[in-house]
file entry13.txt (compact mmCIF, C-alpha atoms)
# COMPACT_ATOMS: atom_id res chain seq x y z
CA MET E 1 36.76 -32.25 -12.49
CA SER E 2 35.28 -35.68 -12.95
CA THR E 3 31.81 -36.23 -14.34
CA GLU E 4 30.67 -37.56 -10.99
CA THR E 5 31.91 -34.41 -9.24
CA LYS E 6 30.03 -32.29 -11.75
CA ARG E 7 26.91 -34.35 -11.23
CA GLN E 8 27.22 -33.80 -7.51
CA ALA E 9 27.55 -30.08 -8.14
CA VAL E 10 24.23 -30.22 -10.00
CA VAL E 11 22.60 -32.10 -7.12
CA ALA E 12 23.82 -29.46 -4.70
CA GLU E 13 21.93 -26.76 -6.59
CA ILE E 14 18.57 -28.54 -6.64
CA PRO E 15 17.19 -26.95 -3.45
CA ARG E 16 17.87 -23.48 -4.84
CA LEU E 17 16.46 -24.35 -8.25
CA ARG E 18 13.29 -25.59 -6.56
CA ARG E 19 12.99 -22.57 -4.31
CA TYR E 20 13.23 -20.25 -7.28
CA ALA E 21 10.92 -22.30 -9.49
CA ILE E 22 8.25 -22.60 -6.79
CA ALA E 23 8.42 -18.90 -5.97
CA LEU E 24 8.29 -18.00 -9.66
CA MET E 25 5.60 -20.40 -10.83
CA ARG E 26 3.63 -20.59 -7.58
CA ASP E 27 2.72 -24.16 -8.32
CA ARG E 28 4.79 -26.94 -6.81
CA THR E 29 3.94 -29.60 -9.36
CA LYS E 30 4.80 -27.40 -12.31
CA ALA E 31 7.91 -26.12 -10.55
CA ASP E 32 9.20 -29.62 -9.84
CA ASP E 33 8.47 -30.63 -13.43
CA LEU E 34 10.58 -27.70 -14.56
CA VAL E 35 13.45 -28.55 -12.21
CA HIS E 36 13.27 -32.15 -13.42
CA ASP E 37 13.66 -30.96 -17.01
CA VAL E 38 16.53 -28.68 -16.02
CA VAL E 39 18.36 -31.58 -14.40
CA LEU E 40 17.97 -33.78 -17.47
CA ARG E 41 19.14 -31.01 -19.75
CA ALA E 42 22.07 -30.15 -17.52
CA LEU E 43 23.23 -33.77 -17.30
CA ASP E 44 23.01 -34.10 -21.07
CA LYS E 45 25.00 -30.90 -21.55
CA LEU E 46 27.40 -31.37 -18.68
CA HIS E 47 30.34 -31.45 -21.07
CA LEU E 48 29.46 -27.90 -22.13
CA TRP E 49 29.76 -26.53 -18.62
CA ARG E 50 33.16 -24.86 -18.39
CA GLU E 51 35.10 -25.64 -15.30
CA GLY E 52 35.78 -22.54 -13.23
CA THR E 53 32.49 -20.95 -14.23
CA ASN E 54 29.51 -20.68 -11.95
CA MET E 55 27.43 -23.87 -11.89
CA ARG E 56 24.53 -22.08 -10.22
CA THR E 57 24.11 -19.37 -12.85
CA TRP E 58 24.57 -21.99 -15.59
CA LEU E 59 21.70 -24.03 -14.17
CA PHE E 60 19.52 -20.97 -13.64
CA THR E 61 20.16 -19.97 -17.23
CA ILE E 62 19.05 -23.40 -18.43
CA MET E 63 15.97 -23.09 -16.26
CA HIS E 64 15.14 -19.65 -17.54
CA ASN E 65 15.46 -20.80 -21.15
CA LEU E 66 13.33 -23.90 -20.65
CA HIS E 67 10.70 -21.89 -18.84
CA ALA E 68 10.71 -19.16 -21.50
CA ASN E 69 10.33 -21.78 -24.25
CA GLU E 70 7.44 -23.31 -22.41
CA MET E 71 5.76 -19.94 -22.02
CA ARG E 72 6.27 -19.21 -25.71
CA ARG E 73 4.84 -22.59 -26.62
CA ARG E 74 1.81 -21.96 -24.45
CA SER E 75 1.34 -18.46 -25.81
CA ARG E 76 1.02 -19.94 -29.29
CA MET E 77 -1.80 -22.16 -28.08
CA LEU E 78 -3.72 -19.78 -25.86
CA ASN E 79 -4.91 -16.26 -25.93
CA VAL E 80 -2.51 -14.49 -23.69
CA VAL E 81 -3.77 -11.90 -21.30
CA PRO E 82 -1.16 -9.29 -20.39
CA LEU E 83 0.15 -10.42 -17.05
CA ASP E 84 -0.54 -7.17 -15.30
CA SER E 85 -4.25 -7.34 -16.03
CA ALA E 86 -4.56 -11.07 -15.40
CA PRO E 87 -6.63 -12.00 -12.39
CA ALA E 88 -4.61 -13.05 -9.39
CA ARG E 89 -3.98 -16.76 -9.34
CA ALA E 90 -5.24 -18.65 -6.34
CA GLU E 91 -2.61 -19.57 -3.82
CA PRO E 92 -2.08 -23.33 -3.73
CA ALA E 93 -3.47 -24.56 -0.46
CA GLY E 94 -1.18 -25.08 2.47
CA GLN E 95 1.82 -23.97 0.51
CA ASP E 96 4.46 -21.66 1.71
CA ALA E 97 2.84 -18.77 3.47
CA ALA E 98 3.90 -18.12 6.96
CA VAL E 99 0.82 -16.25 8.14
CA GLU E 100 2.54 -12.92 8.67
CA TRP E 101 3.87 -12.98 5.12
CA SER E 102 0.67 -13.92 3.38
CA GLU E 103 0.21 -10.39 2.07
CA LEU E 104 3.67 -10.45 0.56
CA SER E 105 2.97 -13.84 -0.98
CA GLY E 106 -0.31 -12.64 -2.44
CA ALA E 107 1.32 -9.51 -3.80
CA MET E 108 4.13 -11.55 -5.38
CA GLY E 109 1.49 -13.57 -7.16
CA ARG E 110 -0.01 -10.44 -8.65
CA LEU E 111 3.30 -9.13 -9.99
CA SER E 112 4.16 -9.66 -13.61
CA GLU E 113 6.45 -12.58 -14.14
CA LEU E 114 9.25 -10.33 -15.42
CA HIS E 115 9.15 -8.48 -12.15
CA ARG E 116 9.01 -11.65 -10.10
CA GLN E 117 12.05 -13.00 -11.92
CA VAL E 118 14.34 -10.10 -11.07
CA LEU E 119 13.07 -9.81 -7.53
CA LEU E 120 13.71 -13.48 -6.90
CA LEU E 121 17.07 -13.69 -8.65
CA VAL E 122 18.48 -10.64 -6.89
CA GLY E 123 16.40 -10.43 -3.73
CA LEU E 124 16.11 -14.10 -2.92
CA GLU E 125 18.98 -15.83 -4.73
CA GLY E 126 21.38 -12.99 -4.00
CA MET E 127 22.71 -12.83 -7.52
CA THR E 128 24.62 -9.77 -8.65
CA TYR E 129 23.00 -7.63 -11.33
CA ALA E 130 25.49 -9.02 -13.82
CA GLU E 131 24.64 -12.62 -12.91
CA ALA E 132 20.91 -11.96 -13.14
CA ALA E 133 21.44 -10.25 -16.50
CA GLY E 134 23.32 -13.32 -17.72
CA VAL E 135 20.58 -15.69 -16.59
CA LEU E 136 17.82 -13.60 -18.16
CA ASP E 137 19.90 -12.74 -21.22
CA VAL E 138 19.17 -9.02 -20.94
CA PRO E 139 21.47 -6.02 -20.37
CA VAL E 140 22.37 -5.09 -16.77
CA GLY E 141 20.48 -1.81 -17.26
CA THR E 142 17.31 -3.78 -17.93
CA VAL E 143 17.77 -5.75 -14.73
CA MET E 144 18.16 -2.50 -12.81
CA SER E 145 15.12 -0.81 -14.27
CA ARG E 146 12.96 -3.91 -13.88
CA LEU E 147 14.08 -4.33 -10.31
CA SER E 148 13.31 -0.75 -9.48
CA ARG E 149 9.82 -1.05 -10.95
CA ALA E 150 9.27 -4.46 -9.38
CA ARG E 151 10.00 -3.21 -5.88
CA GLU E 152 7.69 -0.26 -6.32
CA ASP E 153 4.99 -2.45 -7.75
CA LEU E 154 5.34 -4.96 -4.96
CA ARG E 155 5.02 -2.25 -2.36
CA ARG E 156 1.92 -0.89 -4.08
CA ARG E 157 0.31 -4.33 -4.22
CA ILE E 158 1.08 -5.08 -0.60
CA ASP E 159 -0.62 -1.80 0.33
CA GLU E 160 -3.61 -2.69 -1.84
CA GLY E 161 -3.77 -6.17 -0.36
CA ALA E 162 -3.64 -4.73 3.14
CA SER E 163 -6.45 -2.27 2.45
CA THR E 164 -8.59 -4.94 0.78
CA ALA E 165 -8.11 -7.14 3.82
CA THR E 166 -9.14 -4.28 6.06
CA ILE E 167 -12.26 -3.63 4.02
CA ARG E 168 -13.17 -7.30 4.18
CA ARG E 169 -12.81 -7.26 7.91
CA VAL E 170 -14.97 -4.16 8.18
CA LYS E 171 -17.70 -5.85 6.17
CA MET U 172 26.92 15.50 -4.65
CA THR U 173 23.49 17.03 -4.88
CA GLU U 174 20.43 15.46 -3.39
CA ASP U 175 18.47 15.09 -6.59
CA ARG U 176 21.22 12.97 -8.07
CA VAL U 177 20.29 9.98 -5.93
CA THR U 178 18.29 7.92 -8.38
CA ASP U 179 15.95 5.00 -7.83
CA SER U 180 18.55 2.79 -9.43
CA GLU U 181 21.09 3.87 -6.89
CA LEU U 182 18.74 3.17 -4.01
CA ASN U 183 18.22 -0.31 -5.39
CA ALA U 184 21.94 -0.76 -5.93
CA LEU U 185 22.46 0.26 -2.30
CA ILE U 186 20.04 -2.44 -1.14
CA ASP U 187 21.70 -5.03 -3.35
CA GLY U 188 25.27 -4.17 -2.40
CA GLU U 189 26.16 -3.07 -5.92
CA LEU U 190 27.60 0.34 -5.01
CA ASP U 191 31.21 1.10 -4.33
CA VAL U 192 32.03 1.93 -0.74
CA ALA U 193 32.39 5.69 -1.25
CA ARG U 194 29.06 6.12 -3.00
CA GLN U 195 27.38 3.85 -0.49
CA ALA U 196 28.56 6.09 2.35
CA GLU U 197 27.35 9.20 0.52
CA ILE U 198 23.91 7.78 -0.06
CA GLU U 199 23.58 6.51 3.48
CA ALA U 200 24.47 9.97 4.75
CA TRP U 201 21.88 11.44 2.39
CA LEU U 202 19.24 8.98 3.58
CA ALA U 203 19.83 10.09 7.18
CA GLU U 204 18.62 13.51 6.07
CA ASN U 205 15.70 12.17 4.05
CA PRO U 206 13.62 9.95 6.29
CA GLU U 207 10.85 9.42 3.74
CA THR U 208 13.19 7.84 1.21
CA ALA U 209 14.97 6.03 4.03
CA GLN U 210 11.66 4.46 5.00
CA CYS U 211 11.14 3.33 1.44
CA VAL U 212 14.60 1.71 1.39
CA ALA U 213 13.82 0.00 4.69
CA LEU U 214 10.59 -1.29 3.20
CA TYR U 215 12.38 -2.70 0.17
CA ARG U 216 14.87 -4.40 2.48
CA ALA U 217 11.95 -5.88 4.38
CA GLN U 218 10.58 -7.24 1.10
CA GLY U 219 13.81 -9.14 0.62
CA ALA U 220 13.71 -10.50 4.16
CA GLY U 221 10.08 -11.45 3.56
CA LEU U 222 10.98 -13.45 0.47
CA HIS U 223 13.46 -15.44 2.50
CA ALA U 224 10.86 -15.98 5.22
CA LEU U 225 8.38 -17.21 2.64
CA TYR U 226 10.57 -19.48 0.61
CA ASP U 227 13.68 -20.55 2.51
CA ASP U 228 11.98 -23.60 4.01
CA ILE U 229 12.00 -25.12 0.54
CA LEU U 230 15.79 -25.35 0.79
CA ASN U 231 15.45 -27.92 3.56
CA GLU U 232 12.99 -30.16 1.79
CA GLU U 233 13.95 -33.57 0.48
CA ILE U 234 14.60 -33.73 -3.23
CA PRO U 235 11.37 -35.07 -4.77
CA PRO U 236 11.68 -38.65 -6.08
CA LYS U 237 10.88 -37.60 -9.62
CA ILE U 238 13.87 -35.24 -9.72
CA ALA U 239 16.14 -37.78 -8.06
CA ALA U 240 15.06 -40.27 -10.73
CA ALA U 241 16.34 -37.91 -13.41
CA PHE U 242 19.85 -38.61 -12.15
CA GLU U 243 19.32 -42.33 -12.53
CA ARG U 244 17.99 -41.90 -16.04
CA ARG U 245 21.12 -39.98 -16.97
CA ARG U 246 23.73 -42.33 -15.57
CA PRO U 247 26.88 -41.84 -17.62
CA GLY U 248 27.06 -44.56 -20.23
CA VAL U 249 23.62 -44.33 -21.72
CA PRO U 250 23.74 -43.58 -24.56
CA PRO U 251 27.42 -44.22 -25.21
CA TRP U 252 28.03 -41.22 -27.43
CA ALA U 253 26.58 -38.96 -24.76
CA ALA U 254 28.86 -40.63 -22.26
CA MET U 255 31.74 -39.91 -24.59
CA ALA U 256 30.70 -36.29 -24.54
CA ALA U 257 30.43 -36.23 -20.79
CA ALA U 258 33.58 -38.23 -20.20
CA ILE U 259 35.89 -36.36 -22.49
CA ALA U 260 38.43 -36.31 -19.75
CA LEU U 261 41.11 -37.44 -22.04
CA PHE U 262 44.60 -38.58 -22.33
CA VAL U 263 46.53 -36.37 -24.64
CA VAL U 264 49.46 -38.36 -25.73
CA GLY U 265 52.92 -37.68 -26.93
CA ALA U 266 54.79 -34.97 -28.78
CA ALA U 267 54.18 -33.79 -32.32
CA GLY U 268 53.69 -36.72 -34.62
CA GLY U 269 54.80 -39.23 -32.04
CA TRP U 270 52.88 -42.31 -31.13
CA ILE U 271 54.05 -42.50 -27.61
CA VAL U 272 51.80 -44.25 -25.25
CA ARG U 273 52.45 -45.08 -21.65
CA GLY U 274 54.99 -47.84 -21.41
CA GLU U 275 55.91 -47.85 -25.05
CA ALA U 276 58.88 -45.53 -24.89
CA GLY U 277 60.71 -48.06 -22.79
CA PRO U 278 60.72 -48.93 -19.15
CA ASP U 279 62.91 -45.98 -18.15
CA ALA U 280 61.13 -43.29 -20.07
CA ALA U 281 58.65 -41.17 -18.20
CA PRO U 282 55.23 -41.75 -19.63
CA GLN U 283 54.36 -38.81 -21.84
CA VAL U 284 50.72 -38.96 -21.10
CA ALA U 285 48.94 -35.92 -19.85
CA GLU U 286 45.37 -35.50 -18.92
CA ALA U 287 43.96 -32.47 -20.67
CA THR U 288 40.88 -31.07 -22.21
CA PRO U 289 41.17 -30.62 -25.96
CA PRO U 290 39.77 -27.60 -27.82
CA ILE U 291 36.00 -27.55 -28.04
CA ASP U 292 36.04 -28.15 -31.81
CA THR U 293 38.00 -31.31 -31.25
CA GLN U 294 35.68 -32.46 -28.51
CA GLU U 295 32.68 -31.91 -30.73
CA LEU U 296 34.25 -33.79 -33.59
CA MET U 297 35.03 -36.67 -31.24
CA VAL U 298 31.45 -36.77 -30.07
CA ARG U 299 30.15 -36.81 -33.64
CA ALA U 300 32.57 -39.59 -34.48
CA ALA U 301 31.33 -41.53 -31.46
CA MET U 302 27.75 -40.92 -32.44
CA ALA U 303 28.39 -41.99 -36.02
CA HIS U 304 29.90 -45.20 -34.70
CA VAL U 305 26.88 -45.96 -32.55
CA VAL U 306 24.19 -44.84 -34.96
CA ASN U 307 25.19 -46.94 -37.87
CA HIS U 308 23.53 -49.56 -39.97
CA GLU U 309 25.20 -51.69 -42.61
CA ASP U 310 22.44 -50.98 -45.09
CA GLU U 311 23.46 -47.35 -45.13
CA LEU U 312 27.03 -48.08 -46.08
CA ARG U 313 28.42 -48.14 -49.57
CA SER U 314 29.66 -51.70 -49.72
CA PRO U 315 32.97 -52.57 -51.37
CA VAL U 316 31.54 -55.81 -52.79
CA ALA U 317 30.58 -54.43 -56.19
CA GLY U 318 33.60 -52.46 -57.29
CA GLY U 319 36.14 -53.16 -54.57
CA ARG U 320 38.19 -50.64 -52.70
CA ALA U 321 38.84 -48.51 -55.75
CA ALA U 322 35.12 -47.95 -56.25
CA ILE U 323 34.78 -46.84 -52.65
CA GLY U 324 37.66 -44.42 -53.16
CA ASP U 325 35.97 -42.96 -56.25
CA TYR U 326 32.65 -42.72 -54.49
CA LEU U 327 34.17 -40.85 -51.57
CA ALA U 328 36.39 -38.63 -53.72
CA ASP U 329 33.34 -37.63 -55.71
CA ARG U 330 31.45 -36.56 -52.60
CA MET U 331 34.33 -35.21 -50.55
CA GLY U 332 35.69 -33.21 -53.48
CA GLU U 333 39.20 -34.57 -53.09
CA PRO U 334 40.98 -37.88 -53.29
CA VAL U 335 40.45 -40.17 -50.31
CA ARG U 336 42.63 -43.13 -49.52
CA VAL U 337 40.88 -46.23 -48.32
CA PRO U 338 42.80 -47.78 -45.46
CA SER U 339 43.11 -51.52 -44.97
CA LEU U 340 42.98 -53.28 -41.62
CA GLU U 341 43.06 -56.79 -43.04
CA ASP U 342 46.38 -57.48 -41.38
CA PHE U 343 44.61 -57.05 -38.06
CA GLY U 344 41.70 -59.27 -38.96
CA TYR U 345 39.30 -56.49 -39.89
CA ARG U 346 37.65 -56.38 -43.29
CA LEU U 347 36.14 -53.25 -44.74
CA VAL U 348 32.38 -53.47 -44.41
CA GLY U 349 31.69 -50.24 -46.19
CA SER U 350 31.83 -46.51 -46.12
CA ARG U 351 29.52 -43.55 -46.11
CA VAL U 352 29.67 -39.80 -46.32
CA LEU U 353 28.21 -37.84 -43.45
CA PRO U 354 27.62 -34.13 -42.95
CA ASP U 355 29.83 -32.35 -40.46
CA THR U 356 30.10 -28.72 -39.46
CA ASP U 357 32.68 -27.81 -42.09
CA GLY U 358 31.62 -30.14 -44.86
CA PRO U 359 31.43 -33.81 -45.61
CA VAL U 360 33.25 -36.48 -43.64
CA ALA U 361 34.00 -40.03 -44.66
CA GLN U 362 33.29 -42.86 -42.29
CA PHE U 363 34.85 -46.27 -42.85
CA VAL U 364 33.44 -49.24 -41.00
CA PHE U 365 35.46 -52.39 -40.43
CA ALA U 366 34.45 -55.63 -38.76
CA ASP U 367 36.29 -58.72 -37.60
CA GLN U 368 35.01 -62.27 -37.93
CA ALA U 369 33.06 -62.02 -34.71
CA GLY U 370 31.32 -58.94 -36.04
CA LYS U 371 33.13 -56.52 -33.76
CA LYS U 372 33.20 -53.14 -35.43
CA VAL U 373 35.77 -50.43 -35.67
CA SER U 374 34.95 -47.20 -37.42
CA LEU U 375 37.21 -44.50 -38.77
CA TYR U 376 35.95 -40.96 -39.13
CA VAL U 377 37.95 -38.73 -41.48
CA ARG U 378 37.35 -35.08 -42.08
CA GLY U 379 38.79 -33.20 -45.03
CA GLU U 380 39.25 -29.88 -43.31
CA GLN U 381 42.24 -28.91 -41.32
CA ALA U 382 41.91 -29.15 -37.59
CA ASP U 383 43.98 -27.46 -34.92
CA GLY U 384 45.16 -28.86 -31.79
CA VAL U 385 46.15 -31.99 -30.20
CA ASP U 386 48.28 -34.67 -31.71
CA ILE U 387 46.82 -37.79 -30.27
CA ILE U 388 44.03 -38.19 -27.84
CA TYR U 389 42.79 -41.35 -26.30
CA ALA U 390 39.29 -41.08 -24.97
CA LEU U 391 37.42 -43.63 -23.03
CA ALA U 392 33.76 -43.58 -22.13
CA ASP U 393 31.79 -46.34 -20.48
CA GLU U 394 31.31 -48.35 -23.63
CA LEU U 395 33.42 -46.66 -26.26
CA SER U 396 37.07 -46.26 -26.84
CA MET U 397 38.53 -43.78 -29.28
CA PHE U 398 41.81 -42.63 -30.69
CA TYR U 399 41.77 -39.19 -32.22
CA TRP U 400 44.69 -37.71 -34.04
CA ASN U 401 45.71 -35.14 -36.63
CA ASP U 402 48.03 -35.72 -39.45
CA SER U 403 48.57 -34.21 -42.85
CA ASP U 404 46.24 -31.53 -41.52
CA ARG U 405 43.34 -33.87 -41.23
CA PRO U 406 41.57 -35.03 -38.12
CA TYR U 407 40.92 -38.72 -37.69
CA ALA U 408 38.90 -40.50 -35.07
CA MET U 409 38.89 -44.24 -34.67
CA VAL U 410 36.20 -45.71 -32.49
CA THR U 411 35.25 -49.10 -31.17
CA ARG U 412 33.34 -50.64 -28.32
CA VAL U 413 35.84 -51.27 -25.63
CA ASP U 414 36.19 -54.57 -23.79
CA ASP U 415 39.49 -54.52 -22.02
CA GLU U 416 43.05 -53.27 -22.10
CA ARG U 417 43.83 -55.68 -24.92
CA GLY U 418 41.05 -54.10 -26.96
CA ARG U 419 42.60 -50.71 -26.48
CA GLU U 420 46.00 -51.96 -27.57
CA ALA U 421 44.44 -53.51 -30.66
CA LEU U 422 42.74 -50.24 -31.46
CA LEU U 423 45.99 -48.36 -31.07
CA THR U 424 47.79 -50.78 -33.35
CA ALA U 425 45.09 -50.40 -35.97
CA ALA U 426 45.18 -46.63 -35.64
CA LYS U 427 48.93 -46.67 -36.21
CA ALA U 428 48.45 -48.80 -39.30
CA VAL U 429 45.91 -46.34 -40.68
CA HIS U 430 48.28 -43.51 -39.90
CA GLY U 431 51.03 -45.31 -41.78
CA GLN U 432 48.84 -46.03 -44.80
CA LEU U 433 47.19 -42.64 -45.14
CA ASN U 434 50.14 -40.46 -44.32
CA ARG U 435 52.52 -41.56 -47.01
call {"tool": "encode", "arguments": {"input": "entry13.txt", "output": "structure tokens"}}
result
Amino acid sequence: MSTETKRQAVVAEIPRLRRYAIALMRDRTKADDLVHDVVLRALDKLHLWREGTNMRTWLFTIMHNLHANEMRRRSRMLNVVPLDSAPARAEPAGQDAAVEWSELSGAMGRLSELHRQVLLLVGLEGMTYAEAAGVLDVPVGTVMSRLSRAREDLRRRIDEGASTATIRRVK
Amino acid sequence: MTEDRVTDSELNALIDGELDVARQAEIEAWLAENPETAQCVALYRAQGAGLHALYDDILNEEIPPKIAAAFERRRPGVPPWAAMAAAIALFVVGAAGGWIVRGEAGPDAAPQVAEATPPIDTQELMVRAAMAHVVNHEDELRSPVAGGRAAIGDYLADRMGEPVRVPSLEDFGYRLVGSRVLPDTDGPVAQFVFADQAGKKVSLYVRGEQADGVDIIYALADELSMFYWNDSDRPYAMVTRVDDERGREALLTAAKAVHGQLNR
């Protein structure tokens, strides 16, 4: 496969990389910065991509690693609050929420990032457990247990969100 | 199958299509009898559909200019050694020990040139050789002026831990500018740098350790041209900036001369 063909294969994955990054980071600017860095890294390392292997999971793996490094770097600079107890981040205005899904979007934002990752990789990207495990560099069993907890947690938070909304309306 | 053996993991695996057909049928039958769990599964499926509803529009958006610009910044060719890495679509030439290049075996002979990807070790060595050619300053080279070629040989032998022959390309109009020892994955390598009167440089990268693999590889990136070969169990890589076909022929001739001198 020629270099140009490989470059085109990278281009073809950009929409999916952006969808995942935006859903994960919930901030379009940061997400596009991340995808930008993934593209640069991928083009620099294109010779390491083995033909016949999955370009998508390769790129997602690069993205996961870059993102994890960034989070580690930040955690050295800031006091990190455990994600589960962190206050919900504000939804960027006018972003992605079709009105009927706003509760889901809000609940996604309140999930821990580990849970968001598996939900998005499997539930949105349609990766197999094995592919998601490869991207996240964890055993398949970990993907399964995280996914199971993530779905429960998401359901719980949607319920909470719904009841909060109801209370607000009552007031 | 007993009811309590349906685990959360299995329900998730059902949703994600990770179960084999038989087990899937069993669990679906079980769910028909257990409406509460079935409702939970339906809810989880709805979560997945909801994620698509929330985020799929992003797939249809234009690629932001900043990301598109990343492709421009990484056009193959800049820097050249990276292009060499990217463009290691190579011509693997000839049979064992042969220097057979397209056209050379005579007009009737089928060209024994095959496109192939060499082993990863070889590719990496080629990239390092390309990099060493590009990132190179005369001040860093041990010059032959003081003690001549013999002094260079001693200097290299001392650092490589074994005798090193110093090739000559004077017959081709290239004088030895100098040499240096560089670190490589398996130990030191020697780099010889030659230049012609116009200042055009050719470098030769020689590793002491045995290398497996291909006999002769010709690699061409946007700005660099390289012959890589193994003989007497050593890998060699000869690199120059490429101008034209004539430049490649000259490089090949020089590589053959080095082969002749070092392989006696």
call {"tool": "residues_around", "arguments": {"input": "entry13.txt", "residues": "Asp32 (chain E)", "least_positions_apart": "5", "cutoff": "8 Å", "atoms": "all atoms listed in the file", "output": "PyMOL selection string"}}
result
(chain E and resi 18+21-22) or (chain U and resi 235+238)
call {"tool": "write_last_selection", "arguments": {"input": "entry13.txt", "atoms": "C-alpha atoms", "output": "mmCIF file, in the coordinates of the input"}}
result
data_model
loop_
_atom_site.group_PDB
_atom_site.id
_atom_site.type_symbol
_atom_site.label_atom_id
_atom_site.label_comp_id
_atom_site.auth_asym_id
_atom_site.auth_seq_id
_atom_site.Cartn_x
_atom_site.Cartn_y
_atom_site.Cartn_z
ATOM 1 C CA ARG E 18 13.290 -25.590 -6.560
ATOM 2 C CA ALA E 21 10.920 -22.300 -9.490
ATOM 3 C CA ILE E 22 8.250 -22.600 -6.790
ATOM 4 C CA PRO U 235 11.370 -35.070 -4.770
ATOM 5 C CA ILE U 238 13.870 -35.240 -9.720
#
call {"tool": "closest_atom_pairs", "arguments": {"input": "entry13.txt", "of": "chain E", "to": "chain U", "cutoff": "9 Å", "atoms": "all atoms listed in the file", "output": "CSV"}}
result
residue,atom,partner,partner_atom,distance
E:Met1,CA,U:Ala260,CA,8.5
E:Ser2,CA,U:Ala260,CA,7.5
E:Thr3,CA,U:Ala258,CA,6.4
E:Glu4,CA,U:Pro247,CA,8.8
E:Arg7,CA,U:Phe242,CA,8.3
E:Val11,CA,U:Ala239,CA,8.7
E:Ile14,CA,U:Ile234,CA,7.4
E:Pro15,CA,U:Leu230,CA,4.7
E:Arg16,CA,U:Leu230,CA,6.3
E:Arg18,CA,U:Ile229,CA,7.2
E:Arg19,CA,U:Ile229,CA,5.6
E:Tyr20,CA,U:Tyr226,CA,8.4
E:Ile22,CA,U:Tyr226,CA,8.4
E:Ala23,CA,U:Tyr226,CA,6.9
E:Asp32,CA,U:Ile238,CA,7.3
E:Asp33,CA,U:Ile238,CA,8.0
E:Val35,CA,U:Ile238,CA,7.2
E:His36,CA,U:Ile238,CA,4.9
E:Asp37,CA,U:Ala241,CA,8.3
E:Val39,CA,U:Ala241,CA,6.7
E:Leu40,CA,U:Ala241,CA,6.0
E:Leu43,CA,U:Arg245,CA,6.6
E:Asp44,CA,U:Ala253,CA,7.1
E:Lys45,CA,U:Ala257,CA,7.6
E:Leu46,CA,U:Ala257,CA,6.1
E:His47,CA,U:Ala257,CA,4.8
E:Leu48,CA,U:Ala257,CA,8.5
E:Asp96,CA,U:Leu225,CA,6.0
E:Ala97,CA,U:Leu225,CA,5.8
E:Ala98,CA,U:Leu225,CA,6.3
E:Trp101,CA,U:Gly221,CA,6.6
E:Ser102,CA,U:Leu225,CA,8.4
E:Leu104,CA,U:Gly221,CA,7.1
E:Ser105,CA,U:Leu225,CA,7.3
E:Leu119,CA,U:Gly219,CA,8.2
E:Leu120,CA,U:Leu222,CA,7.9
E:Val122,CA,U:Asp187,CA,7.4
E:Gly123,CA,U:Gly219,CA,5.2
E:Leu124,CA,U:His223,CA,6.2
E:Gly126,CA,U:Asp187,CA,8.0
E:Met127,CA,U:Asp187,CA,8.9
E:Thr128,CA,U:Glu189,CA,7.4
E:Tyr129,CA,U:Glu189,CA,7.7
E:Met144,CA,U:Ser180,CA,6.3
E:Ser145,CA,U:Ser180,CA,6.9
E:Leu147,CA,U:Asn183,CA,7.6
E:Ser148,CA,U:Ser180,CA,6.3
E:Arg151,CA,U:Tyr215,CA,6.5
E:Glu152,CA,U:Tyr215,CA,8.4
E:Leu154,CA,U:Gln218,CA,8.3
E:Arg155,CA,U:Tyr215,CA,7.8
call {"tool": "atom_distance", "arguments": {"input": "entry13.txt", "atom1": "CA of Lys372 (chain U)", "atom2": "CA of Phe343 (chain U)"}}
result
12.3 Å
call {"tool": "residues_around", "arguments": {"input": "entry13.txt", "residues": "Glu311 (chain U)", "least_positions_apart": "6", "cutoff": "9 Å", "atoms": "all atoms listed in the file", "output": "list in words"}}
result
Gly349, Ser350 and Arg351 of chain U
call {"tool": "atom_distance", "arguments": {"input": "entry13.txt", "atom1": "CA of Lys30 (chain E)", "atom2": "CA of Ala12 (chain E)"}}
result
20.6 Å
call {"tool": "atom_distance", "arguments": {"input": "entry13.txt", "atom1": "CA of Pro406 (chain U)", "atom2": "CA of Gly52 (chain E)"}}
result
28.4 Å
